[in-house]
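Peer 1: Input structure: upload_38.cif, which contains mmCIF, C-alpha atoms and all ligand atoms.
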data_model
#
loop_
_atom_site.label_atom_id
_atom_site.label_comp_id
_atom_site.auth_asym_id
_atom_site.auth_seq_id
_atom_site.Cartn_x
_atom_site.Cartn_y
_atom_site.Cartn_z
CA MET A 23 16.32 60.76 14.12
CA VAL A 24 18.45 63.14 12.19
CA GLY A 25 15.67 65.03 10.35
CA GLN A 26 15.55 65.06 6.57
CA ALA A 27 15.05 68.77 5.95
CA ALA A 28 16.15 70.07 2.57
CA LEU A 29 19.77 71.15 2.83
CA SER A 30 21.56 73.68 0.75
CA GLY A 31 25.25 73.65 0.04
CA VAL A 32 27.56 76.21 1.59
CA ARG A 33 31.00 77.41 0.70
CA ALA A 34 33.36 77.79 3.62
CA THR A 35 36.73 77.23 5.08
CA ALA A 36 37.11 75.20 8.23
CA GLU A 37 39.86 74.91 10.82
CA VAL A 38 41.70 71.58 11.08
CA LEU A 39 41.17 70.28 14.63
CA SER A 40 43.13 67.03 14.45
CA ARG A 41 44.57 64.38 12.23
CA ARG A 42 44.59 60.68 13.23
CA ASP A 43 46.54 58.05 11.31
CA LEU A 44 44.75 54.71 10.86
CA SER A 45 47.34 53.08 8.60
CA GLU A 46 50.37 54.03 6.58
CA PHE A 47 48.14 55.53 3.88
CA THR A 48 44.86 56.38 5.58
CA PHE A 49 44.02 59.07 8.11
CA VAL A 50 41.06 60.83 9.68
CA LEU A 51 41.02 64.58 9.17
CA ARG A 52 38.82 66.40 11.68
CA THR A 53 37.66 69.94 10.97
CA ALA A 54 35.41 72.41 12.68
CA ARG A 55 31.75 72.11 11.70
CA GLY A 56 30.19 75.33 12.92
CA ASP A 57 26.41 75.21 12.61
CA LEU A 58 26.44 73.27 9.33
CA ALA A 59 23.46 70.95 8.82
CA LEU A 60 24.07 67.62 7.11
CA LEU A 61 22.65 64.19 6.52
CA PRO A 62 24.75 61.11 7.25
CA GLY A 63 26.07 59.69 3.97
CA GLN A 64 26.51 63.04 2.26
CA CYS A 65 29.89 64.32 1.17
CA PHE A 66 31.83 67.55 1.04
CA SER A 67 34.16 68.98 -1.56
CA VAL A 68 37.43 69.38 0.35
CA GLY A 69 40.78 70.88 -0.58
CA LEU A 70 43.58 73.18 0.40
CA ASN A 71 42.86 76.87 0.53
CA GLY A 72 44.40 78.42 -2.53
CA LEU A 73 45.15 75.13 -4.30
CA GLY A 74 42.16 75.64 -6.57
CA LEU A 75 41.46 71.93 -6.60
CA ASN A 76 39.01 70.03 -4.43
CA ARG A 77 37.82 66.43 -4.22
CA GLU A 78 34.74 64.85 -2.70
CA TYR A 79 35.00 63.13 0.68
CA SER A 80 32.16 61.43 2.52
CA ILE A 81 31.40 62.38 6.08
CA TYR A 82 32.88 59.84 8.50
CA SER A 83 31.51 61.41 11.70
CA GLY A 84 27.95 61.38 12.99
CA ALA A 85 25.17 63.87 12.40
CA GLY A 86 25.25 64.80 16.08
CA ASP A 87 28.99 65.40 16.31
CA ALA A 88 30.22 68.96 16.73
CA TYR A 89 33.01 68.38 14.18
CA LEU A 90 33.40 66.91 10.69
CA ASP A 91 35.57 63.83 10.22
CA PHE A 92 36.80 62.63 6.83
CA LEU A 93 38.43 59.24 6.27
CA ILE A 94 41.02 59.87 3.56
CA ARG A 95 43.33 57.51 1.73
CA ARG A 96 46.51 59.17 0.54
CA VAL A 97 46.66 58.04 -3.08
CA PRO A 98 50.25 57.91 -4.39
CA ASP A 99 50.73 60.99 -6.61
CA GLY A 100 47.13 62.02 -5.91
CA ALA A 101 46.88 65.79 -6.15
CA VAL A 102 44.43 66.50 -3.32
CA SER A 103 44.74 63.53 -0.96
CA THR A 104 48.53 63.96 -0.66
CA ALA A 105 48.08 67.69 -0.04
CA LEU A 106 45.48 67.04 2.68
CA ALA A 107 47.84 64.53 4.29
CA GLU A 108 50.26 67.39 4.93
CA VAL A 109 47.93 69.86 6.68
CA SER A 110 48.56 70.80 10.30
CA VAL A 111 46.23 71.42 13.22
CA GLY A 112 45.11 75.04 13.05
CA ASP A 113 45.31 75.27 9.24
CA GLU A 114 42.22 76.35 7.33
CA VAL A 115 41.00 73.99 4.61
CA SER A 116 38.34 74.49 1.96
CA VAL A 117 35.16 72.55 2.86
CA ASN A 118 32.13 73.01 0.60
CA GLY A 119 28.86 71.17 0.96
CA PRO A 120 27.18 69.01 1.98
CA PHE A 121 26.22 67.32 -1.29
CA GLY A 122 24.78 64.02 -2.37
CA SER A 123 21.80 61.77 -1.87
CA PHE A 124 23.47 58.59 -0.59
CA VAL A 125 21.38 58.78 2.57
CA LEU A 126 19.09 56.44 4.44
CA ASP A 127 15.31 56.57 4.40
CA GLU A 128 14.61 57.47 8.01
CA ARG A 129 11.18 55.84 7.88
CA ALA A 130 12.88 52.54 7.07
CA VAL A 131 15.38 53.07 9.89
CA SER A 132 12.54 53.77 12.35
CA ALA A 133 10.54 50.78 11.10
CA GLY A 134 13.46 48.43 11.83
CA VAL A 135 14.07 47.50 8.18
CA PRO A 136 17.38 45.55 7.99
CA HIS A 137 20.21 47.24 6.13
CA VAL A 138 23.15 45.49 4.51
CA PHE A 139 26.14 47.75 3.92
CA ILE A 140 28.95 46.72 1.61
CA ALA A 141 32.13 48.79 1.41
CA SER A 142 35.56 48.60 -0.09
CA GLY A 143 38.42 50.51 1.55
CA THR A 144 37.51 54.07 2.51
CA GLY A 145 34.03 53.38 1.15
CA ILE A 146 33.24 52.49 4.76
CA ALA A 147 33.01 56.23 5.56
CA PRO A 148 29.27 56.78 4.98
CA PHE A 149 28.43 53.55 6.82
CA ALA A 150 30.43 54.65 9.86
CA SER A 151 28.41 57.87 9.76
CA PHE A 152 25.11 55.96 9.50
CA ALA A 153 26.04 53.68 12.41
CA ARG A 154 27.06 56.63 14.57
CA SER A 155 24.05 58.76 13.67
CA TYR A 156 21.25 56.18 14.03
CA PRO A 157 21.73 54.23 17.29
CA SER A 158 18.73 51.95 16.61
CA LEU A 159 19.78 51.11 13.04
CA ASP A 160 19.53 47.41 12.16
CA TYR A 161 22.56 46.73 9.96
CA VAL A 162 25.41 44.47 9.08
CA LEU A 163 28.50 45.90 7.41
CA TYR A 164 30.72 43.92 5.05
CA HIS A 165 34.07 45.63 4.63
CA GLY A 166 36.36 44.55 1.81
CA VAL A 167 40.02 45.39 2.38
CA ARG A 168 43.32 43.98 1.28
CA PHE A 169 45.10 43.90 4.65
CA GLU A 170 44.13 43.60 8.34
CA VAL A 171 45.37 47.12 9.07
CA GLU A 172 42.68 48.54 6.78
CA GLN A 173 39.84 47.50 9.11
CA TYR A 174 39.34 51.14 10.01
CA ASP A 175 38.01 51.67 13.57
CA ARG A 176 36.49 48.18 13.59
CA ASP A 177 36.10 48.29 17.38
CA ALA A 178 33.60 51.14 17.00
CA TYR A 179 30.95 48.67 15.76
CA PRO A 180 28.86 46.52 18.11
CA PRO A 181 29.67 42.79 18.10
CA GLY A 182 28.42 40.99 14.99
CA ARG A 183 27.79 44.11 12.93
CA TYR A 184 31.23 44.48 11.29
CA ILE A 185 32.28 41.66 8.97
CA PRO A 186 35.77 42.05 7.51
CA CYS A 187 36.55 40.48 4.15
CA ILE A 188 40.34 40.53 3.85
CA SER A 189 41.61 39.53 0.43
CA GLN A 190 45.35 39.47 1.16
CA GLY A 191 45.37 38.84 4.93
CA THR A 192 48.06 37.01 6.85
CA ALA A 193 45.90 33.89 7.26
CA PRO A 194 45.64 32.47 3.69
CA GLN A 195 42.82 30.06 4.61
CA ARG A 196 40.64 33.00 5.73
CA ARG A 197 41.22 35.25 2.71
CA ARG A 198 38.06 36.24 0.87
CA ARG A 199 36.44 39.07 -1.03
CA VAL A 200 33.11 40.72 -0.25
CA THR A 201 31.58 39.07 -3.30
CA ASP A 202 32.54 35.62 -1.94
CA ALA A 203 31.01 36.46 1.43
CA LEU A 204 27.78 37.75 -0.13
CA ARG A 205 27.28 34.70 -2.29
CA GLN A 206 27.01 32.61 0.90
CA ALA A 207 25.76 35.01 3.57
CA PRO A 208 22.22 34.82 4.95
CA LEU A 209 20.37 37.80 3.46
CA PRO A 210 17.67 39.20 5.75
CA ASP A 211 14.12 39.41 4.39
CA GLY A 212 13.16 42.83 3.08
CA ALA A 213 16.65 44.27 3.49
CA ARG A 214 18.01 47.34 1.72
CA TYR A 215 21.51 47.11 0.28
CA TYR A 216 23.94 50.03 0.21
CA LEU A 217 27.22 49.72 -1.70
CA CYS A 218 30.11 52.19 -1.53
CA GLY A 219 33.66 52.12 -2.84
CA ASN A 220 35.47 51.40 -6.06
CA ARG A 221 33.58 50.72 -9.29
CA ALA A 222 34.80 47.14 -9.76
CA MET A 223 33.52 46.11 -6.33
CA ILE A 224 30.17 47.77 -6.96
CA VAL A 225 29.73 46.00 -10.31
CA ASP A 226 30.70 42.60 -8.87
CA VAL A 227 28.57 42.91 -5.74
CA THR A 228 25.54 44.16 -7.66
CA ARG A 229 25.82 41.11 -9.91
CA ALA A 230 26.16 38.78 -6.90
CA LEU A 231 23.09 40.32 -5.24
CA ARG A 232 21.00 40.15 -8.40
CA GLU A 233 21.98 36.47 -8.79
CA ARG A 234 20.57 35.94 -5.32
CA GLY A 235 17.26 37.47 -6.35
CA ILE A 236 17.66 40.94 -4.82
CA ALA A 237 15.64 43.52 -6.77
CA GLY A 238 17.54 46.43 -8.28
CA SER A 239 15.18 48.82 -6.47
CA SER A 240 16.59 47.61 -3.13
CA ILE A 241 20.21 48.34 -4.10
CA PHE A 242 21.72 51.83 -3.62
CA MET A 243 25.27 52.77 -4.55
CA GLU A 244 27.95 55.42 -4.30
CA THR A 245 31.04 55.11 -6.49
CA PHE A 246 34.25 56.74 -5.20
CA PHE A 247 36.49 56.09 -8.21
C1 LIG B 301 31.05 60.95 -3.77
C2 LIG B 301 32.52 60.62 -3.49
C3 LIG B 301 32.94 60.45 -2.17
C4 LIG B 301 34.27 60.13 -1.91
N1 LIG B 301 34.64 59.91 -0.61
C5 LIG B 301 35.93 59.57 -0.33
C6 LIG B 301 36.32 59.28 1.02
O1 LIG B 301 35.52 59.34 1.98
N2 LIG B 301 37.61 58.93 1.24
C7 LIG B 301 38.54 58.85 0.20
O2 LIG B 301 39.72 58.54 0.47
N3 LIG B 301 38.18 59.09 -1.08
C8 LIG B 301 36.91 59.47 -1.36
N4 LIG B 301 36.56 59.75 -2.65
C9 LIG B 301 37.62 59.80 -3.69
C10 LIG B 301 38.23 61.23 -3.68
O3 LIG B 301 37.26 62.16 -4.11
C11 LIG B 301 39.45 61.37 -4.60
O4 LIG B 301 39.15 60.81 -5.86
C12 LIG B 301 40.69 60.69 -4.05
O5 LIG B 301 41.05 61.24 -2.79
C13 LIG B 301 41.87 60.89 -5.01
O6 LIG B 301 42.07 62.27 -5.22
P1 LIG B 301 43.52 62.82 -5.55
O7 LIG B 301 43.37 64.23 -6.00
O8 LIG B 301 44.44 62.58 -4.40
O9 LIG B 301 43.98 61.88 -6.71
P2 LIG B 301 43.98 62.22 -8.29
O10 LIG B 301 45.15 63.07 -8.60
O11 LIG B 301 42.65 62.73 -8.69
O12 LIG B 301 44.21 60.74 -8.82
C14 LIG B 301 43.10 59.88 -8.95
C15 LIG B 301 43.56 58.43 -8.80
O13 LIG B 301 43.30 58.00 -7.48
C16 LIG B 301 42.58 56.76 -7.50
N5 LIG B 301 41.75 56.77 -6.28
C17 LIG B 301 40.78 57.66 -5.98
N6 LIG B 301 40.27 57.42 -4.73
C18 LIG B 301 40.96 56.36 -4.25
C19 LIG B 301 40.89 55.66 -3.01
N7 LIG B 301 40.03 56.00 -2.01
N8 LIG B 301 41.74 54.60 -2.86
C20 LIG B 301 42.61 54.27 -3.84
N9 LIG B 301 42.72 54.90 -5.03
C21 LIG B 301 41.89 55.93 -5.23
C22 LIG B 301 41.82 56.81 -8.80
O14 LIG B 301 41.57 55.54 -9.32
C23 LIG B 301 42.78 57.53 -9.72
O15 LIG B 301 43.69 56.62 -10.29
C24 LIG B 301 35.23 60.04 -2.96
C25 LIG B 301 34.79 60.24 -4.28
C26 LIG B 301 33.47 60.52 -4.55
C27 LIG B 301 33.04 60.70 -5.99
#
Go ahead and render the structure in this file as structure tokens.
Ligand SMILES: Cc1cc2nc3c(=O)[nH]c(=O)nc-3n(C[C@H](O)[C@H](O)[C@H](O)COP(=O)(O)OP(=O)(O)OC[C@H]3O[C@@H](n4cnc5c(N)ncnc54)[C@H](O)[C@@H]3O)c2cc1C

Peer 2:
Amino acid sequence: MVGQAALSGVRATAEVLSRRDLSEFTFVLRTARGDLALLPGQCFSVGLNGLGLNREYSIYSGAGDAYLDFLIRRVPDGAVSTALAEVSVGDEVSVNGPFGSFVLDERAVSAGVPHVFIASGTGIAPFASFARSYPSLDYVLYHGVRFEVEQYDRDAYPPGRYIPCISQGTAPQRRRRVTDALRQAPLPDGARYYLCGNRAMIVDVTRALRERGIAGSSIFMETFF
């Protein structure tokens, strides 16, 4: 278990250790972590030193990792994401945090409660962190993306846990959205539902889950934009 002690935010700079491209627009930025405590699912406020502008990014790495990974989509004309896409190994970036309460209840994880994760795009970041941090976690992860190349690190998930929903994939007969998948999917008894990504997906998926009788108290969400 990770340990849910109360955490306070810190203000710091951190050295860039690596940058890994996952697609034309999306990359993993790895920074030093130092002795920073965090809970999987939290986020940091990240930016360039001196830019005076930060944005929130969820932790993509695990609670036990010695570094911090962030999964970042370079938004065209986006002030901070385009600047972060240009940093080099050895640069110092502004990393403040951790913040946020989009975290798992560790008692539920220990008790084997099933978890259903639903992400769009880079909204997969906190779920990757959950999966990496809690080896015994019972979960299935629905990932809504437009193209095959956006199935970020899909091989990192054990067989059967990662379910891609590709809306504009190369095989037209297999195209679908997460909402389509969730209207038909078997929903495990007593599951908790965690949604993360863009607002439209969260609204649509919440409606689909409520139509299937899922109580609002079992649905948790984090909106990126
Ligand atoms: C709690 C939280 C956690 C977040 N975690 C992540 C994360 O792990 N990875 C990540 O890439 N982003 C994440 N975001 C979004 C991030 O904070 C920025 O909004 C994003 O990087 C754009 O910032 P920018 O300065 O480049 O763009 P801005 O100059 O602020 O332009 C904003 C534009 O970008 C669009 N936009 C924002 N995010 C995305 C995105 N991911 N994909 C496509 N369009 C987008 C918005 O609709 C808006 O039109 C998170 C946001 C929140 C609130």

Peer 1: For the interface of chain A with ligand LIG 301 (chain B) (cut-off 8 Å, counting all atoms listed in the file), please tabulate each contacting residue of chain A alongside its nearest pair of atoms and their separation in Å to one decimal, rows sorted by chain and increasing number, as a Markdown table.

Peer 2:
| residue | atom | partner | partner_atom | distance |
| --- | --- | --- | --- | --- |
| A:Thr48 | CA | B:LIG301 | O2 | 7.6 |
| A:Gln64 | CA | B:LIG301 | C1 | 7.8 |
| A:Cys65 | CA | B:LIG301 | C3 | 6.0 |
| A:Phe66 | CA | B:LIG301 | C3 | 7.9 |
| A:Ser67 | CA | B:LIG301 | O3 | 7.9 |
| A:Leu75 | CA | B:LIG301 | O7 | 8.0 |
| A:Asn76 | CA | B:LIG301 | O7 | 7.4 |
| A:Arg77 | CA | B:LIG301 | O3 | 4.3 |
| A:Glu78 | CA | B:LIG301 | O3 | 3.9 |
| A:Tyr79 | CA | B:LIG301 | N1 | 3.5 |
| A:Ser80 | CA | B:LIG301 | O1 | 4.0 |
| A:Ile81 | CA | B:LIG301 | O1 | 6.6 |
| A:Tyr82 | CA | B:LIG301 | O1 | 7.1 |
| A:Phe92 | CA | B:LIG301 | O1 | 6.0 |
| A:Leu93 | CA | B:LIG301 | N2 | 5.1 |
| A:Ile94 | CA | B:LIG301 | O2 | 3.6 |
| A:Arg95 | CA | B:LIG301 | O2 | 4.0 |
| A:Arg96 | CA | B:LIG301 | O8 | 6.3 |
| A:Val97 | CA | B:LIG301 | O8 | 5.2 |
| A:Pro98 | CA | B:LIG301 | O8 | 7.5 |
| A:Asp99 | CA | B:LIG301 | O10 | 6.3 |
| A:Gly100 | CA | B:LIG301 | O8 | 3.1 |
| A:Ala101 | CA | B:LIG301 | O7 | 3.8 |
| A:Val102 | CA | B:LIG301 | O7 | 3.7 |
| A:Ser103 | CA | B:LIG301 | O8 | 3.6 |
| A:Thr104 | CA | B:LIG301 | O8 | 5.7 |
| A:Ala105 | CA | B:LIG301 | O8 | 7.6 |
| A:Gly122 | CA | B:LIG301 | C1 | 7.1 |
| A:Gly143 | CA | B:LIG301 | N7 | 6.7 |
| A:Thr144 | CA | B:LIG301 | N2 | 5.0 |
| A:Gly145 | CA | B:LIG301 | O1 | 6.2 |
| A:Ile146 | CA | B:LIG301 | O1 | 7.7 |
| A:Ala147 | CA | B:LIG301 | O1 | 5.4 |
| A:Pro148 | CA | B:LIG301 | O1 | 7.4 |
| A:Gly219 | CA | B:LIG301 | N7 | 7.5 |
| A:Asn220 | CA | B:LIG301 | C19 | 7.5 |
| A:Glu244 | CA | B:LIG301 | C1 | 6.4 |
| A:Thr245 | CA | B:LIG301 | C27 | 6.0 |
| A:Phe246 | CA | B:LIG301 | C25 | 3.7 |
| A:Phe247 | CA | B:LIG301 | C17 | 5.1 |

Peer 1: Using all atoms listed in the file, which of the listed residues (A:Val227, A:Ala36, A:Ala213, A:Leu60) sits closest to A:Ser155?

Peer 2: A:Leu60

Peer 1: Let me make sure I understand: among A:Thr53, A:Arg234, A:Leu73, A:Ser142, which one has the smallest atom-to-atom distance to A:Ala222 if we use all atoms listed in the file?

Peer 2: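 Using all atoms listed in the file, A:Ala222 sits closest to A:Ser142.
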
Peer 1: Could you pull out every residue with an atom within 7 Å of (28.6, 46.9, 7.6), file coordinates, counting all atoms listed in the file, and send them as a tab-separated table (two decimals) with C-alpha atoms, keeping the file's coordinate frame?

Peer 2:
chain	number	residue	atom	x	y	z
A	138	VAL	CA	23.15	45.49	4.51
A	139	PHE	CA	26.14	47.75	3.92
A	140	ILE	CA	28.95	46.72	1.61
A	149	PHE	CA	28.43	53.55	6.82
A	161	TYR	CA	22.56	46.73	9.96
A	162	VAL	CA	25.41	44.47	9.08
A	163	LEU	CA	28.50	45.90	7.41
A	164	TYR	CA	30.72	43.92	5.05
A	165	HIS	CA	34.07	45.63	4.63
A	183	ARG	CA	27.79	44.11	12.93
A	184	TYR	CA	31.23	44.48	11.29
A	185	ILE	CA	32.28	41.66	8.97

Peer 1: Calculated over all atoms listed in the file, which of the candidates A:Asp113, A:Tyr215, A:Glu46, A:Cys187 has the smallest distance to A:Arg232?

Peer 2: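 Between A:Asp113, A:Tyr215, A:Glu46, A:Cys187, the residue approaching A:Arg232 most closely is A:Tyr215.
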
Peer 1: Report the distance between atom CA of A:Gly235 and atom CA of A:Val135 in Å, rounded to one decimal place.

Peer 2: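 Interatomic distance, atom CA of A:Gly235 to atom CA of A:Val135: 17.9 Å.
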
Peer 1: Give as a PyMOL selection string the set of residues within 12 Å of the point (42.7, 72.8, 15.8), where distances use the file's coordinates and only C-alpha atoms.

Peer 2: chain A and resi 36-41+51-55+89+109-115

Peer 1: Which value, in Å to one decimal, gives the distance between atom CA of A:Val68 and atom CA of A:Val117?

Peer 2: 4.6 Å

Peer 1: What does the structure give for the distance between atom CA of A:Phe47 and atom CA of A:Ala34, in Å to one decimal?

Peer 2: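 Result for atom CA of A:Phe47 versus atom CA of A:Ala34: 26.7 Å, one decimal.
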
Peer 1: Extract, using all atoms listed in the file, all DNA, RNA and protein residues at most 8 Å from A:Ser151, discarding same-chain residues fewer than 6 positions from it, and format them as a JSON list (two decimals) with C-alpha atoms, in the frame of the given file.

Peer 2:
[["chain", "number", "residue", "atom", "x", "y", "z"],
["A", 62, "PRO", "CA", 24.75, 61.11, 7.25],
["A", 63, "GLY", "CA", 26.07, 59.69, 3.97],
["A", 81, "ILE", "CA", 31.40, 62.38, 6.08],
["A", 82, "TYR", "CA", 32.88, 59.84, 8.50],
["A", 83, "SER", "CA", 31.51, 61.41, 11.70],
["A", 84, "GLY", "CA", 27.95, 61.38, 12.99],
["A", 85, "ALA", "CA", 25.17, 63.87, 12.40]]

Peer 1: Using only C-alpha atoms, which protein or nucleic acid residues come within 9 Å of A:Ser239? Drop anything in the same chain fewer than 3 positions from it, and give the result as a PyMOL selection string.

Peer 2: chain A and resi 214+236+242

Peer 1: Box in all listed atoms of stretch 75-92 of chain A, axis-aligned, with 3 Å more on each side; write out centre and edge lengths in Å to one decimal as AutoDock Vina command-line options.

Peer 2:
--center_x 33.3 --center_y 65.9 --center_z 5.1 --size_x 22.3 --size_y 18.1 --size_z 29.3

Peer 1: Which of these, A:Ala153, A:Ala203, A:Val167, A:Ala107, has the shortest distance to A:Ser189 once you count only C-alpha atoms?

Peer 2: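 Answer, going by the shortest atom-to-atom distance: A:Val167.
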